[in-house]
Each structure stands twice: as C-alpha cells, then as structure tokens.
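Structure data (mmCIF, C-alpha atoms) from entry_33.cif:
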data_work
loop_
_atom_site.label_atom_id
_atom_site.label_comp_id
_atom_site.auth_asym_id
_atom_site.auth_seq_id
_atom_site.Cartn_x
_atom_site.Cartn_y
_atom_site.Cartn_z
CA MET I 218 28.78 39.25 179.71
CA GLN I 219 31.86 41.17 180.67
CA ALA I 220 35.07 39.42 181.62
CA TRP I 221 36.41 39.72 185.14
CA ILE I 222 39.85 41.30 184.95
CA PRO I 223 41.63 42.98 187.84
CA PRO I 224 41.89 45.85 188.44
CA LEU I 225 40.15 47.02 185.28
CA LEU I 226 36.89 45.45 186.30
CA LEU I 227 34.22 46.81 183.99
CA LEU I 228 31.23 46.14 186.23
CA VAL I 229 31.96 49.20 188.38
CA SER I 230 32.80 52.54 186.79
CA PHE I 231 36.13 54.14 187.65
CA HIS I 232 36.25 57.47 189.48
CA GLY I 233 39.13 59.87 189.74
CA ALA I 234 40.34 61.29 193.03
CA SER I 235 38.95 64.76 192.46
CA ALA I 236 36.47 66.59 194.66
CA GLY I 237 33.36 64.43 194.57
CA THR I 238 33.34 60.65 194.45
CA HIS I 239 36.10 58.52 195.98
CA SER I 240 36.38 54.75 195.94
CA LEU I 241 38.00 51.93 197.90
CA LYS I 242 38.16 48.53 196.17
CA TYR I 243 39.72 45.15 196.81
CA PHE I 244 40.30 42.51 194.14
CA TYR I 245 41.02 38.88 195.05
CA THR I 246 41.99 36.57 192.18
CA ALA I 247 42.68 32.84 192.36
CA SER I 248 43.72 30.84 189.31
CA SER I 249 44.52 27.22 188.59
CA GLN I 250 46.99 25.86 186.04
CA VAL I 251 47.93 29.28 184.62
CA PRO I 252 51.66 29.17 183.78
CA ASN I 253 53.90 32.04 184.92
CA PHE I 254 51.06 33.65 186.85
CA PRO I 255 50.55 33.88 190.64
CA GLU I 256 48.05 31.32 191.89
CA PHE I 257 46.55 33.98 194.14
CA ALA I 258 46.75 37.79 194.22
CA VAL I 259 45.10 40.67 196.07
CA LEU I 260 45.03 44.31 195.02
CA GLY I 261 43.70 47.19 197.10
CA LEU I 262 42.96 50.49 195.37
CA VAL I 263 41.96 53.95 196.55
CA ASP I 264 40.61 56.15 193.75
CA GLU I 265 42.03 53.59 191.27
CA VAL I 266 45.53 53.95 192.76
CA GLU I 267 47.01 50.68 194.03
CA MET I 268 47.92 50.97 197.70
CA VAL I 269 48.13 47.31 198.83
CA HIS I 270 49.47 44.28 196.98
CA TYR I 271 49.83 40.59 197.84
CA ASP I 272 50.49 37.54 195.71
CA SER I 273 51.29 33.88 196.33
CA ASN I 274 54.81 34.29 194.95
CA THR I 275 55.99 36.93 197.42
CA LYS I 276 53.64 35.79 200.24
CA ARG I 277 53.74 39.29 201.70
CA ALA I 278 51.24 42.12 201.93
CA GLU I 279 53.13 45.21 200.80
CA PRO I 280 52.38 48.95 200.59
CA LYS I 281 52.34 50.49 197.13
CA GLN I 282 52.14 54.11 198.32
CA ASP I 283 54.35 55.86 200.88
CA TRP I 284 51.35 57.30 202.70
CA MET I 285 50.05 53.80 203.48
CA ASN I 286 52.82 53.39 206.07
CA LYS I 287 51.27 56.31 207.97
CA ALA I 288 47.68 55.18 207.46
CA ALA I 289 48.32 51.61 208.65
CA ASP I 290 49.16 50.55 212.21
CA SER I 291 52.39 48.70 213.04
CA GLN I 292 50.79 45.24 212.84
CA TYR I 293 48.87 45.98 209.63
CA TRP I 294 51.17 44.22 207.16
CA GLU I 295 51.79 41.14 209.29
CA ARG I 296 48.09 40.79 210.06
CA ASN I 297 47.00 41.08 206.44
CA THR I 298 49.72 38.76 205.19
CA GLY I 299 48.12 36.10 207.38
CA ILE I 300 44.64 37.03 206.18
CA PHE I 301 45.63 36.78 202.53
CA MET I 302 47.38 33.44 203.06
CA GLY I 303 44.17 32.08 204.55
CA ALA I 304 42.10 33.55 201.74
CA HIS I 305 44.35 31.81 199.23
CA GLU I 306 43.45 28.41 200.66
CA VAL I 307 39.75 29.29 200.75
CA PHE I 308 39.77 30.38 197.12
CA LYS I 309 41.60 27.24 196.01
CA GLY I 310 38.92 25.19 197.72
CA ASN I 311 36.14 27.21 196.11
CA ILE I 312 37.53 26.53 192.64
CA GLU I 313 37.44 22.80 193.40
CA ILE I 314 33.82 23.13 194.56
CA LEU I 315 32.77 25.06 191.45
CA LYS I 316 34.36 22.73 188.90
CA PRO I 317 31.86 19.87 189.35
CA ARG I 318 28.97 22.35 189.36
CA PHE I 319 29.99 23.29 185.84
CA ASN I 320 30.78 19.67 184.94
CA GLN I 321 34.51 20.41 184.79
CA THR I 322 37.56 18.43 185.82
CA GLY I 323 41.00 19.94 185.21
CA GLY I 324 42.12 22.84 183.08
CA VAL I 325 42.54 26.57 183.58
CA HIS I 326 40.06 28.27 185.92
CA ILE I 327 39.78 31.71 187.55
CA TYR I 328 37.76 32.71 190.61
CA GLN I 329 37.49 36.36 191.67
CA TRP I 330 36.02 38.54 194.38
CA MET I 331 35.70 42.30 194.16
CA TYR I 332 34.18 44.42 196.89
CA GLY I 333 34.37 48.00 198.04
CA CYS I 334 32.57 51.28 198.46
CA GLU I 335 32.20 54.78 197.08
CA TRP I 336 31.83 58.01 199.02
CA ASP I 337 30.82 61.42 197.70
CA ASP I 338 32.67 64.01 199.76
CA GLU I 339 30.19 66.70 198.70
CA THR I 340 26.86 64.98 199.42
CA GLY I 341 28.04 62.37 201.93
CA LYS I 342 26.33 59.63 199.92
CA VAL I 343 27.90 56.15 200.16
CA ASN I 344 27.47 53.05 198.02
CA GLY I 345 28.80 49.53 198.45
CA TYR I 346 29.27 46.57 196.14
CA ASP I 347 30.29 42.93 196.46
CA LEU I 348 30.70 40.69 193.40
CA PHE I 349 32.11 37.25 192.56
CA GLY I 350 33.15 35.98 189.15
CA TYR I 351 34.13 32.58 187.77
CA ASP I 352 35.83 31.81 184.46
CA GLY I 353 35.01 35.09 182.77
CA GLU I 354 31.40 35.45 183.86
CA ASP I 355 29.53 37.05 186.75
CA PHE I 356 28.82 34.37 189.36
CA ILE I 357 26.98 36.05 192.24
CA SER I 358 26.65 39.57 193.66
CA PHE I 359 25.13 41.30 196.68
CA ASP I 360 22.43 43.97 196.37
CA VAL I 361 22.92 46.25 199.36
CA LYS I 362 19.49 47.89 199.03
CA THR I 363 17.44 44.68 198.92
CA GLU I 364 19.91 42.71 201.08
CA THR I 365 19.74 39.76 198.69
CA ARG I 366 22.08 37.94 196.32
CA ILE I 367 21.79 38.15 192.56
CA ALA I 368 22.55 34.90 190.75
CA PRO I 369 22.83 35.36 186.96
CA ASN I 370 23.23 31.65 186.23
CA GLN I 371 21.76 28.36 187.42
CA GLN I 372 25.00 27.14 188.97
CA ALA I 373 24.93 30.03 191.47
CA LEU I 374 21.38 29.41 192.71
CA ILE I 375 22.56 26.95 195.37
CA THR I 376 24.92 29.56 196.74
CA LYS I 377 22.28 32.31 196.54
CA HIS I 378 19.73 30.37 198.59
CA LYS I 379 22.20 29.41 201.31
CA TRP I 380 23.79 32.84 201.58
CA ASP I 381 20.41 34.61 201.56
CA ASN I 382 19.35 32.50 204.55
CA ASN I 383 22.35 33.63 206.60
CA LYS I 384 20.85 36.81 208.04
CA ALA I 385 23.81 37.47 210.35
CA GLN I 386 26.19 37.42 207.40
CA ILE I 387 23.94 39.77 205.42
CA ALA I 388 23.82 42.23 208.31
CA GLU I 389 27.62 42.10 208.69
CA GLU I 390 28.12 42.60 204.97
CA LYS I 391 25.81 45.60 204.75
CA HIS I 392 27.39 47.14 207.86
CA TYR I 393 30.86 46.80 206.37
CA LEU I 394 29.97 48.11 202.90
CA THR I 395 27.95 51.10 204.09
CA GLN I 396 29.77 52.10 207.29
CA ILE I 397 33.19 50.55 207.92
CA CYS I 398 34.43 50.68 204.33
CA PRO I 399 33.51 54.38 203.88
CA GLU I 400 35.22 55.20 207.20
CA TRP I 401 38.47 53.64 206.01
CA LEU I 402 38.09 55.25 202.61
CA LYS I 403 37.90 58.67 204.27
CA LYS I 404 40.98 57.82 206.33
CA TYR I 405 42.97 56.75 203.26
CA VAL I 406 41.95 59.82 201.27
CA ASP I 407 43.02 62.02 204.16
CA TYR I 408 46.45 60.38 204.50
CA GLY I 409 47.01 60.30 200.75
CA ARG I 410 45.57 63.74 200.10
CA SER I 411 48.72 65.31 198.63
CA SER I 412 49.01 62.46 196.14
CA LEU I 413 45.39 61.49 195.49
CA LEU I 414 44.05 65.03 195.09
CA ARG I 415 46.77 66.31 192.78
CA LYS I 416 46.12 67.32 189.16
CA ASP I 417 48.65 66.43 186.46
CA LEU I 418 48.10 67.59 182.88
CA PRO I 419 49.01 65.22 180.04
CA SER I 420 51.15 65.46 176.97
CA VAL I 421 49.01 64.83 173.88
CA PRO I 422 51.04 63.76 170.83
CA LEU I 423 49.61 62.40 167.57
CA LEU I 424 50.81 58.90 166.61
CA GLN I 425 50.51 56.88 163.40
CA LYS I 426 51.96 53.46 162.56
CA SER I 427 51.84 53.86 158.77
CA PRO I 428 50.39 56.32 156.21
CA SER I 429 47.25 54.17 155.91
CA SER I 430 46.78 53.70 159.65
CA PRO I 431 44.45 55.78 161.82
CA VAL I 432 45.95 58.79 163.58
CA SER I 433 45.94 58.23 167.31
CA CYS I 434 45.56 61.16 169.67
CA HIS I 435 47.38 59.83 172.72
CA ALA I 436 47.08 61.62 176.07
CA THR I 437 49.44 60.33 178.74
CA GLY I 438 50.59 61.38 182.18
CA PHE I 439 47.31 62.84 183.43
CA TYR I 440 45.87 62.41 186.92
CA PRO I 441 43.19 61.78 188.10
CA ASN I 442 41.39 59.72 185.49
CA SER I 443 38.32 61.97 185.21
CA ALA I 444 38.93 62.98 181.60
CA MET I 445 37.33 62.91 178.16
CA MET I 446 38.88 62.99 174.71
CA PHE I 447 37.32 63.24 171.25
CA TRP I 448 37.91 64.39 167.66
CA ARG I 449 35.94 67.19 166.05
CA LYS I 450 35.69 68.89 162.66
CA ASP I 451 34.75 72.56 162.37
CA GLY I 452 33.66 72.47 166.01
CA GLU I 453 31.39 69.40 165.62
CA GLU I 454 32.25 66.20 167.50
CA LEU I 455 32.90 63.17 165.27
CA HIS I 456 31.67 59.62 165.88
CA ASP I 457 31.57 57.43 162.75
CA ILE I 458 35.29 57.58 161.93
CA VAL I 459 36.56 57.66 165.52
CA ASP I 460 37.50 54.75 167.79
CA HIS I 461 37.69 55.65 171.49
CA GLY I 462 40.04 53.74 173.77
CA GLU I 463 39.71 53.12 177.49
CA ILE I 464 41.56 54.99 180.21
CA LEU I 465 44.52 52.87 181.33
CA PRO I 466 47.04 53.29 184.17
CA ASN I 467 50.73 54.07 183.66
CA HIS I 468 53.56 52.66 185.75
CA ASP I 469 53.86 55.90 187.76
CA GLY I 470 50.21 56.07 188.89
CA SER I 471 49.12 58.48 186.15
CA PHE I 472 46.79 57.55 183.30
CA GLN I 473 46.67 57.41 179.52
CA MET I 474 44.00 57.20 176.85
CA SER I 475 43.77 57.27 173.07
CA SER I 476 41.25 58.27 170.44
CA ASP I 477 41.88 57.05 166.87
CA LEU I 478 40.77 58.97 163.78
CA ASP I 479 40.36 57.13 160.46
CA VAL I 480 42.10 59.39 157.95
CA SER I 481 41.97 57.02 154.97
CA SER I 482 39.15 58.95 153.28
CA LEU I 483 40.09 62.46 154.40
CA PRO I 484 41.26 64.84 151.63
CA PRO I 485 44.66 66.33 152.57
CA GLU I 486 43.31 69.84 152.15
CA ASP I 487 40.69 69.14 154.87
CA TRP I 488 43.12 67.98 157.56
CA GLU I 489 43.40 71.44 159.10
CA LYS I 490 39.68 71.30 159.93
CA TYR I 491 40.19 68.39 162.34
CA GLU I 492 41.41 68.59 165.92
CA CYS I 493 41.70 66.36 168.98
CA VAL I 494 40.20 67.74 172.19
CA PHE I 495 41.21 66.61 175.69
CA GLN I 496 38.92 67.76 178.50
CA PHE I 497 39.99 67.46 182.13
CA SER I 498 37.57 67.64 185.05
CA GLY I 499 38.15 70.82 187.04
CA VAL I 500 40.29 72.43 184.32
CA LYS I 501 38.58 75.14 182.27
CA GLU I 502 40.91 75.17 179.27
CA ASP I 503 40.75 72.23 176.85
CA ILE I 504 43.97 70.81 175.42
CA ILE I 505 43.57 70.98 171.63
CA THR I 506 45.86 69.25 169.14
CA LYS I 507 45.41 70.09 165.45
CA LEU I 508 45.59 67.32 162.85
CA ASP I 509 48.88 68.15 161.16
CA LYS I 510 51.16 65.75 159.28
CA ALA I 511 54.16 67.75 160.41
CA VAL I 512 53.63 66.87 164.08
CA ILE I 513 52.57 63.23 163.73
CA ARG I 514 55.05 60.75 165.19
CA THR I 515 55.37 57.53 163.22
CA ASN I 516 57.26 54.24 163.34
CA ARG I 517 59.26 55.44 160.36
CA GLU I 518 61.05 58.02 162.46
CA LYS I 519 64.05 57.42 164.67
CA PRO I 520 63.22 57.24 168.37
CA THR I 521 62.99 60.61 170.08
CA ASP I 522 63.36 61.54 173.71
CA VAL I 523 59.67 60.86 174.21
CA THR I 524 59.29 57.76 176.35
CA VAL I 525 56.46 55.42 175.49
CA PRO I 526 54.57 54.91 178.74
CA ILE I 527 54.91 51.50 180.34
CA ILE I 528 51.60 49.97 181.31
CA ALA I 529 51.37 49.15 185.00
CA ALA I 530 51.97 45.61 186.18
CA VAL I 531 48.30 45.26 187.06
CA VAL I 532 47.40 45.90 183.42
CA VAL I 533 49.81 43.19 182.31
CA LEU I 534 48.01 40.87 184.71
CA ALA I 535 44.73 41.97 183.19
CA LEU I 536 45.89 41.25 179.65
CA VAL I 537 47.08 37.80 180.67
CA LEU I 538 43.74 37.15 182.31
CA ILE I 539 41.83 38.32 179.24
CA ALA I 540 43.61 35.70 177.14
CA VAL I 541 43.18 33.04 179.80
CA ILE I 542 39.51 33.87 180.33
CA GLY I 543 38.87 33.69 176.60
CA TYR I 544 40.38 30.22 176.51
CA VAL I 545 38.47 29.12 179.60
CA TYR I 546 35.17 30.47 178.33
CA LYS I 547 35.41 28.64 175.00
CA ASN I 548 36.28 25.34 176.64
CA ARG I 549 33.72 25.70 179.39
CA LYS I 550 30.87 26.15 176.93
CA ALA I 551 31.86 22.85 175.36
CA GLU I 552 32.14 21.07 178.73
CA CYS I 553 29.13 22.45 180.60
CA SER I 554 25.94 20.47 181.06
CA LYS I 555 23.24 20.59 183.70
CA PRO I 556 24.62 21.59 187.10
CA GLN I 557 25.11 18.78 189.58
CA ASP I 558 23.13 18.71 192.83
CA ASN I 559 24.38 17.96 196.34
CA ASN I 560 27.66 19.81 195.93
CA PRO I 561 29.47 21.19 198.95
CA GLU I 562 28.91 24.92 199.43
CA LEU I 563 31.42 27.67 198.78
CA THR I 564 33.26 29.15 201.74
CA ARG I 565 32.66 32.87 201.98
CA LEU I 566 35.11 35.17 203.75
CA ASN I 567 33.64 37.69 206.17
CA HIS I 568 34.52 41.33 205.64
CA GLU I 569 34.96 42.00 209.33
CA GLY I 570 37.57 39.32 209.99
CA ASN I 571 39.16 38.88 206.59
CA ASN I 572 39.48 42.36 205.22
CA PRO I 573 42.64 44.42 204.67
CA ARG I 574 41.97 47.69 206.38
#
What would you get if you wrote out this structure as structure tokens?
Amino acid sequence: MQAWIPPLLLLVSFHGASAGTHSLKYFYTASSQVPNFPEFAVLGLVDEVEMVHYDSNTKRAEPKQDWMNKAADSQYWERNTGIFMGAHEVFKGNIEILKPRFNQTGGVHIYQWMYGCEWDDETGKVNGYDLFGYDGEDFISFDVKTETRIAPNQQALITKHKWDNNKAQIAEEKHYLTQICPEWLKKYVDYGRSSLLRKDLPSVPLLQKSPSSPVSCHATGFYPNSAMMFWRKDGEELHDIVDHGEILPNHDGSFQMSSDLDVSSLPPEDWEKYECVFQFSGVKEDIITKLDKAVIRTNREKPTDVTVPIIAAVVVLALVLIAVIGYVYKNRKAECSKPQDNNPELTRLNHEGNNPR
C-alpha cells in the first residue's frame, strides 16, 4: 500500500502543463502530535504547480502564483481562510473518531483528503477523483463512474455504508468533480497560461559521490514535468544496472530527476559507449550526455558556480510525513485489533460549500 504524502501523492499520476491533460488538485492534511509540523495544511495545485497554500501556523490562505490574484475574486482569500479554519476543526475531530476504530489512543496520526480533476484540452475528456487516507494507508475513495465508495479495509466499511446511502451527497460530489472542478481548472489554466504552458529545458550534469558510487545523470530546471530519462549503451536502453528516480519539484516551480548508472563493473575503455538520454515532451531533439570521467562532478572537487537545486517546501513536508507515516504504520500494526462498533461517524466536507475555488 502506498503512503499518503502531499503533494507527491502516488495514487494519481502527475501530468505536466503541456497541450493535452491538465489537472487541479487539493490536498488537506491533518496531523496529531507531530513536532515542528503544522497541525493542518492545505495545498492547491494546477498542473502540479502550487497556487494556494494554507496552514495552521499562518492561519491564512495565500496565493503562490502571481496569476492567482487575477483568477480569484476580491473575497477569495478571506472566504477560503474561513473555510480552511473550519476544515481544520473537522479533520481534528475525524482523527479522534478514527483512533478507537483502529484501537488506538494517543500517538502520532495523519488524516488526509485529496480530490480534484483532470481535463484533456484536446479531447475534452474529464476525470475526477476523491480519496481519503489515514496513517499511511488508503482509507476510502469515491468511484465517479459507479457512484459508490471503495473501502479497502474493514475499519472504513461503516463510513462506506453511510456515505453510499447519502444520495444527495453523491450527486453533489459527482457534479463537482465532473463539471465545476473542470470549469475552474480551465479558468486557472487560462489565467496562468504564460507560466503553466512554458517550456524550460534542463541542465544535465553527471554527478558522483565517490569513485565506487553510481554515476547520477541529474536533469534539473525543466518544465513541465512530462519528461523521460534513461541510460543506453550502443543505442540500446539499459535496465539492470540503472536506478531511475522520481520527478521532483524545485523551489522555483521547475522540476528535477535523476537516473543512476552502476559503473562498478564497467571497464574504463567501455565508458564512451554509454550515454544518458533526456527526452522532453514536445521537443524533437534529445539531450544526450556522454559518460565521461572528465565531466563528472564529484564531492572531491571544490564547489563550482553550479547551484544544487533546493527541493520545494512541499517536498520537505513530504519527507517529514514519510518518516512519520513509517513510524505510525509500525506502531499501528502492533496496536490494531478488531474494529469497534457503534463509533460516531466521520464528518465529510462538501465540495460545494467547503472548496477553495
């Protein structure tokens, strides 16, 4: 089961802001007893670019892109600050409701909600999704096509049955995910067009920590995130000695990714046969970097004018949550027994009245 980590949620694939598919996503995260971490946070992203942020420390909904000030009305930020404050209290209450279901008392716990939509600007096709997670596992999700909830564990069955019986809520949810959300997504893409539809090519240096370490082909500064990178030898793509990394955001809204090549068994005379290939959607020419000891940057060298990209704050949050979720998951498996009956039900926010748009 995949861990719930904002905004790098792995349950929904990421899409770049190129011609084709666009996405609008919101991530709500509530945590209990996590030191030096906001008790509640909300992120809004268009095409994986953060455009709205709120957390319980600042207690303010704030724009993360200049174009959001044009896209939002004058009462937008005040209205959504109030919405997020209310959501904070709801999420705190839901954690308290879930703890006895999992036979828990105190300790670190995380409750998350992710919802949004995708729109293909070429075909007009739209898709919506709505998912909840608790302590590192999927808790419950909404299937738009069947208009039913999916409960992957026994503790969520109570919620599934009650939410499935609320036909008005189901109709509202489907209407939002398939109509209202795509409308706002189109609006945001239009206002942020100059930024969201740009294409930035990366720099692609080779990095190595020590002579025995893998050589990392590191592409950074590219946008959007619709890219591929791989190693090949004599024109043939390699798999067995290559470790592919994920695409991650940089502090400036661009992206980075790495692909590591194990060179421990490669004869020096064969190095010239290897090359790293970066392929960018919509760009015909590949960026090719030859495996050459002369151009590899290592920790043994003095720092150059190349700046190591700083991972965005949302990624730092994600890394903290990964560690926290790992701890929670281990302890929960030891604590959990049969779910208790007659628990109060979770409060579910409605998209129409509690959505930042």
Can you pull out the residues contacting I:Gly310? Cut-off 9 Å, using all atoms listed in the file, and skip same-chain residues under 5 positions away; I want them as a PyMOL selection string.
chain I and resi 305+315+563-564
Contact residues around I:Phe472 with all atoms listed in the file at 9 Å, ignoring same-chain residues under 3 positions, as a compact mmCIF listing (two decimals) with C-alpha atoms, in the coordinates of the input:
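Written out: out-v1.txt:
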# COMPACT_ATOMS: atom_id res chain seq x y z
CA PRO I 419 49.01 65.22 180.04
CA ALA I 436 47.08 61.62 176.07
CA THR I 437 49.44 60.33 178.74
CA GLY I 438 50.59 61.38 182.18
CA PHE I 439 47.31 62.84 183.43
CA TYR I 440 45.87 62.41 186.92
CA PRO I 441 43.19 61.78 188.10
CA ASN I 442 41.39 59.72 185.49
CA ILE I 464 41.56 54.99 180.21
CA LEU I 465 44.52 52.87 181.33
CA PRO I 466 47.04 53.29 184.17
CA ASN I 467 50.73 54.07 183.66
CA HIS I 468 53.56 52.66 185.75
CA ASP I 469 53.86 55.90 187.76
Selection in question (the file shown): the PyMOL selection byres ((chain I and resi 387) around 12). Which residues does it include, as JSON, numbers by chain?
{"I": [347, 359, 360, 361, 362, 363, 364, 365, 366, 377, 379, 380, 381, 382, 383, 384, 385, 386, 388, 389, 390, 391, 392, 393, 394, 565, 567, 568, 569]}
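If you look at atom CA of I:Gly470 and atom CA of I:Glu267, they are 8.1 Å away from each other.
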Calculate how many Å separate atom CA of I:Ala368 from atom CA of I:Ser249, rounding to one decimal.
23.4 Å
Contacts of I:Leu260 within 8 Å, all atoms listed in the file, excl. fewer than 4 positions in-chain, as a PyMOL selection string
chain I and resi 224+243-245+267-271
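The smallest atom-to-atom distance between I:Val259 and any of I:Asp272, I:Asp417, I:Glu463, I:Asp407, using all atoms listed in the file, is found for I:Asp272.
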When you get a chance, write out N, CA and C atoms for stretch 474-497 of chain I, as a PDB file, keeping the file's coordinate frame.
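To be explicit, this is the file written out as result00.pdb:
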ATOM      1  N   MET I 474      45.128  57.594 177.677  1.00  0.00           N
ATOM      2  CA  MET I 474      44.000  57.200 176.850  1.00  0.00           C
ATOM      3  C   MET I 474      44.265  57.628 175.416  1.00  0.00           C
ATOM      4  N   SER I 475      43.593  56.960 174.481  1.00  0.00           N
ATOM      5  CA  SER I 475      43.770  57.270 173.070  1.00  0.00           C
ATOM      6  C   SER I 475      42.429  57.376 172.365  1.00  0.00           C
ATOM      7  N   SER I 476      42.417  58.158 171.305  1.00  0.00           N
ATOM      8  CA  SER I 476      41.250  58.270 170.440  1.00  0.00           C
ATOM      9  C   SER I 476      41.762  58.261 169.001  1.00  0.00           C
ATOM     10  N   ASP I 477      41.349  57.258 168.224  1.00  0.00           N
ATOM     11  CA  ASP I 477      41.880  57.050 166.870  1.00  0.00           C
ATOM     12  C   ASP I 477      40.935  57.629 165.813  1.00  0.00           C
ATOM     13  N   LEU I 478      41.517  58.366 164.882  1.00  0.00           N
ATOM     14  CA  LEU I 478      40.770  58.970 163.780  1.00  0.00           C
ATOM     15  C   LEU I 478      41.136  58.283 162.475  1.00  0.00           C
ATOM     16  N   ASP I 479      40.135  57.754 161.771  1.00  0.00           N
ATOM     17  CA  ASP I 479      40.360  57.130 160.460  1.00  0.00           C
ATOM     18  C   ASP I 479      40.555  58.221 159.416  1.00  0.00           C
ATOM     19  N   VAL I 480      41.776  58.323 158.899  1.00  0.00           N
ATOM     20  CA  VAL I 480      42.100  59.390 157.950  1.00  0.00           C
ATOM     21  C   VAL I 480      42.163  58.892 156.512  1.00  0.00           C
ATOM     22  N   SER I 481      41.811  57.615 156.296  1.00  0.00           N
ATOM     23  CA  SER I 481      41.970  57.020 154.970  1.00  0.00           C
ATOM     24  C   SER I 481      41.151  57.722 153.892  1.00  0.00           C
ATOM     25  N   SER I 482      40.011  58.296 154.271  1.00  0.00           N
ATOM     26  CA  SER I 482      39.150  58.950 153.280  1.00  0.00           C
ATOM     27  C   SER I 482      39.152  60.469 153.401  1.00  0.00           C
ATOM     28  N   LEU I 483      40.063  61.015 154.203  1.00  0.00           N
ATOM     29  CA  LEU I 483      40.090  62.460 154.400  1.00  0.00           C
ATOM     30  C   LEU I 483      40.968  63.136 153.342  1.00  0.00           C
ATOM     31  N   PRO I 484      40.436  64.084 152.591  1.00  0.00           N
ATOM     32  CA  PRO I 484      41.260  64.840 151.630  1.00  0.00           C
ATOM     33  C   PRO I 484      42.346  65.613 152.385  1.00  0.00           C
ATOM     34  N   PRO I 485      43.568  65.618 151.890  1.00  0.00           N
ATOM     35  CA  PRO I 485      44.660  66.330 152.570  1.00  0.00           C
ATOM     36  C   PRO I 485      44.342  67.790 152.859  1.00  0.00           C
ATOM     37  N   GLU I 486      43.607  68.420 151.957  1.00  0.00           N
ATOM     38  CA  GLU I 486      43.310  69.840 152.150  1.00  0.00           C
ATOM     39  C   GLU I 486      42.318  70.076 153.308  1.00  0.00           C
ATOM     40  N   ASP I 487      41.657  68.997 153.773  1.00  0.00           N
ATOM     41  CA  ASP I 487      40.690  69.140 154.870  1.00  0.00           C
ATOM     42  C   ASP I 487      41.290  68.851 156.243  1.00  0.00           C
ATOM     43  N   TRP I 488      42.542  68.397 156.288  1.00  0.00           N
ATOM     44  CA  TRP I 488      43.120  67.980 157.560  1.00  0.00           C
ATOM     45  C   TRP I 488      43.110  69.107 158.597  1.00  0.00           C
ATOM     46  N   GLU I 489      43.312  70.314 158.159  1.00  0.00           N
ATOM     47  CA  GLU I 489      43.400  71.440 159.100  1.00  0.00           C
ATOM     48  C   GLU I 489      42.067  71.712 159.801  1.00  0.00           C
ATOM     49  N   LYS I 490      40.989  71.099 159.306  1.00  0.00           N
ATOM     50  CA  LYS I 490      39.680  71.300 159.930  1.00  0.00           C
ATOM     51  C   LYS I 490      39.449  70.371 161.127  1.00  0.00           C
ATOM     52  N   TYR I 491      40.358  69.394 161.293  1.00  0.00           N
ATOM     53  CA  TYR I 491      40.190  68.390 162.340  1.00  0.00           C
ATOM     54  C   TYR I 491      41.099  68.692 163.533  1.00  0.00           C
ATOM     55  N   GLU I 492      40.609  68.392 164.723  1.00  0.00           N
ATOM     56  CA  GLU I 492      41.410  68.590 165.920  1.00  0.00           C
ATOM     57  C   GLU I 492      40.976  67.616 167.021  1.00  0.00           C
ATOM     58  N   CYS I 493      41.951  67.235 167.834  1.00  0.00           N
ATOM     59  CA  CYS I 493      41.700  66.360 168.980  1.00  0.00           C
ATOM     60  C   CYS I 493      41.526  67.235 170.219  1.00  0.00           C
ATOM     61  N   VAL I 494      40.511  66.926 171.010  1.00  0.00           N
ATOM     62  CA  VAL I 494      40.200  67.740 172.190  1.00  0.00           C
ATOM     63  C   VAL I 494      40.282  66.861 173.448  1.00  0.00           C
ATOM     64  N   PHE I 495      41.102  67.288 174.395  1.00  0.00           N
ATOM     65  CA  PHE I 495      41.210  66.610 175.690  1.00  0.00           C
ATOM     66  C   PHE I 495      40.598  67.518 176.751  1.00  0.00           C
ATOM     67  N   GLN I 496      39.596  66.996 177.455  1.00  0.00           N
ATOM     68  CA  GLN I 496      38.920  67.760 178.500  1.00  0.00           C
ATOM     69  C   GLN I 496      39.171  67.106 179.855  1.00  0.00           C
ATOM     70  N   PHE I 497      39.599  67.930 180.814  1.00  0.00           N
ATOM     71  CA  PHE I 497      39.990  67.460 182.130  1.00  0.00           C
ATOM     72  C   PHE I 497      39.051  68.040 183.180  1.00  0.00           C
TER      73      PHE I 497
END
